[in-house]
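**Student:** There's a structure below that I have some questions on.
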Amino acid sequence: MRNMALSLIEEKKLSRENLTQNDIDYFRKKYGKKFIRALRVVEENKVEKYQFKPSGTITWIVKGRTRQYLVIPRVYCTCRSFYQEVVISRESNMCYHLLAQQIAELRDQYKLVDSNDTERRKLYVDWRRTD
Ligand SMILES: [Zn+2]
């Protein structure tokens, strides 16, 4: 499987508060519409980091239009396009949720949600769905 992580240079660009036009052009060229969508969900605060107690488990969620997607940073997303474009056809190396999670983490721009492990088991039933 291809590397889904952003390069160090890309990380540096994205962690700046304001992207330059050059940066935007670069990312649009490389990631296309996915970049624009990812940036939008970050700016709409749709990336959430859950911290569950007492286990200390951390789970990243990106809210889509109709459901929430579970994202394992740089590795996996439960959305359909990840499955189709990354796993099956290999035409891409990430979906916009994975990109959004990375941007959100770099910028510290996500919603932190404190929860507990009992709640986690309930949430996971929904988050694990891959349809
Ligand atoms: Zn996804």
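Each chain in the structure tokens gets a letter, A, B, ..., in the order shown, and its residues are numbered from 1; ligands are numbered from 1 in order too.
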Which neighbours of region 105-109 of chain A fall inside 6 Å, counting only C-alpha atoms, when residues of the same chain fewer than 2 positions from it are skipped, and could you give them as a PyMOL selection string?
**Tutor:** chain A and resi 15+102-103
**Student:** Write out the residues from the selection above, keeping N, CA and C atoms, as a tab-separated table (two decimals), in the first residue's frame.
**Tutor:**
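Just written: again_25.tsv:
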chain	number	residue	atom	x	y	z
A	15	SER	N	0.49	23.67	8.18
A	15	SER	CA	0.39	24.09	9.57
A	15	SER	C	0.39	25.62	9.72
A	102	GLN	N	-5.53	15.06	8.82
A	102	GLN	CA	-4.14	15.51	8.92
A	102	GLN	C	-4.03	17.03	9.01
A	103	ILE	N	-4.84	17.71	8.22
A	103	ILE	CA	-4.81	19.18	8.27
A	103	ILE	C	-5.28	19.66	9.65
**Student:** Which residues of chain A come within 9 Å of ligand 1, and for each one, what is the closest pair of atoms and their distance in Å to one decimal, counting only C-alpha atoms and all ligand atoms, sorted by chain and residue number, as a tab-separated table?
**Tutor:**
residue	atom	partner	partner_atom_place_in_ligand_line	distance
A:Val62	CA	ligand 1	1 (Zn)	8.1
A:Gly64	CA	ligand 1	1 (Zn)	9.0
A:Tyr69	CA	ligand 1	1 (Zn)	6.5
A:Leu70	CA	ligand 1	1 (Zn)	7.9
A:Val71	CA	ligand 1	1 (Zn)	7.1
A:Tyr76	CA	ligand 1	1 (Zn)	7.7
A:Cys77	CA	ligand 1	1 (Zn)	4.6
A:Thr78	CA	ligand 1	1 (Zn)	5.9
A:Cys79	CA	ligand 1	1 (Zn)	4.2
A:Arg80	CA	ligand 1	1 (Zn)	6.9
A:Ser81	CA	ligand 1	1 (Zn)	6.3
A:Phe82	CA	ligand 1	1 (Zn)	5.3
A:Tyr83	CA	ligand 1	1 (Zn)	8.4
A:Met94	CA	ligand 1	1 (Zn)	7.5
A:Cys95	CA	ligand 1	1 (Zn)	4.7
A:Tyr96	CA	ligand 1	1 (Zn)	5.8
A:His97	CA	ligand 1	1 (Zn)	4.3
A:Leu98	CA	ligand 1	1 (Zn)	5.9
A:Leu99	CA	ligand 1	1 (Zn)	8.6
**Student:** Residues of the last selection are to be written out with C-alpha atoms, as a PDB file, in the first residue's frame.
**Tutor:**
ATOM      1  CA  VAL A  62     -14.884  13.340  10.326  1.00  0.00           C
ATOM      2  CA  GLY A  64     -19.860  13.857   6.464  1.00  0.00           C
ATOM      3  CA  TYR A  69     -16.482   8.490   9.292  1.00  0.00           C
ATOM      4  CA  LEU A  70     -13.917   6.869  11.480  1.00  0.00           C
ATOM      5  CA  VAL A  71     -10.411   7.809  10.421  1.00  0.00           C
ATOM      6  CA  TYR A  76      -7.708   4.042   7.035  1.00  0.00           C
ATOM      7  CA  CYS A  77     -11.137   5.607   6.630  1.00  0.00           C
ATOM      8  CA  THR A  78     -14.549   3.951   6.706  1.00  0.00           C
ATOM      9  CA  CYS A  79     -15.937   5.877   3.720  1.00  0.00           C
ATOM     10  CA  ARG A  80     -16.851   4.291   0.429  1.00  0.00           C
ATOM     11  CA  SER A  81     -14.371   6.242  -1.671  1.00  0.00           C
ATOM     12  CA  PHE A  82     -11.477   5.067   0.489  1.00  0.00           C
ATOM     13  CA  TYR A  83     -12.525   1.502  -0.148  1.00  0.00           C
ATOM     14  CA  MET A  94      -6.256   8.965   0.325  1.00  0.00           C
ATOM     15  CA  CYS A  95      -9.806  10.228   0.654  1.00  0.00           C
ATOM     16  CA  TYR A  96     -10.626  13.733   1.738  1.00  0.00           C
ATOM     17  CA  HIS A  97     -11.439  12.608   5.292  1.00  0.00           C
ATOM     18  CA  LEU A  98      -7.888  11.344   5.779  1.00  0.00           C
ATOM     19  CA  LEU A  99      -6.549  14.578   4.364  1.00  0.00           C
TER      20      LEU A  99
END
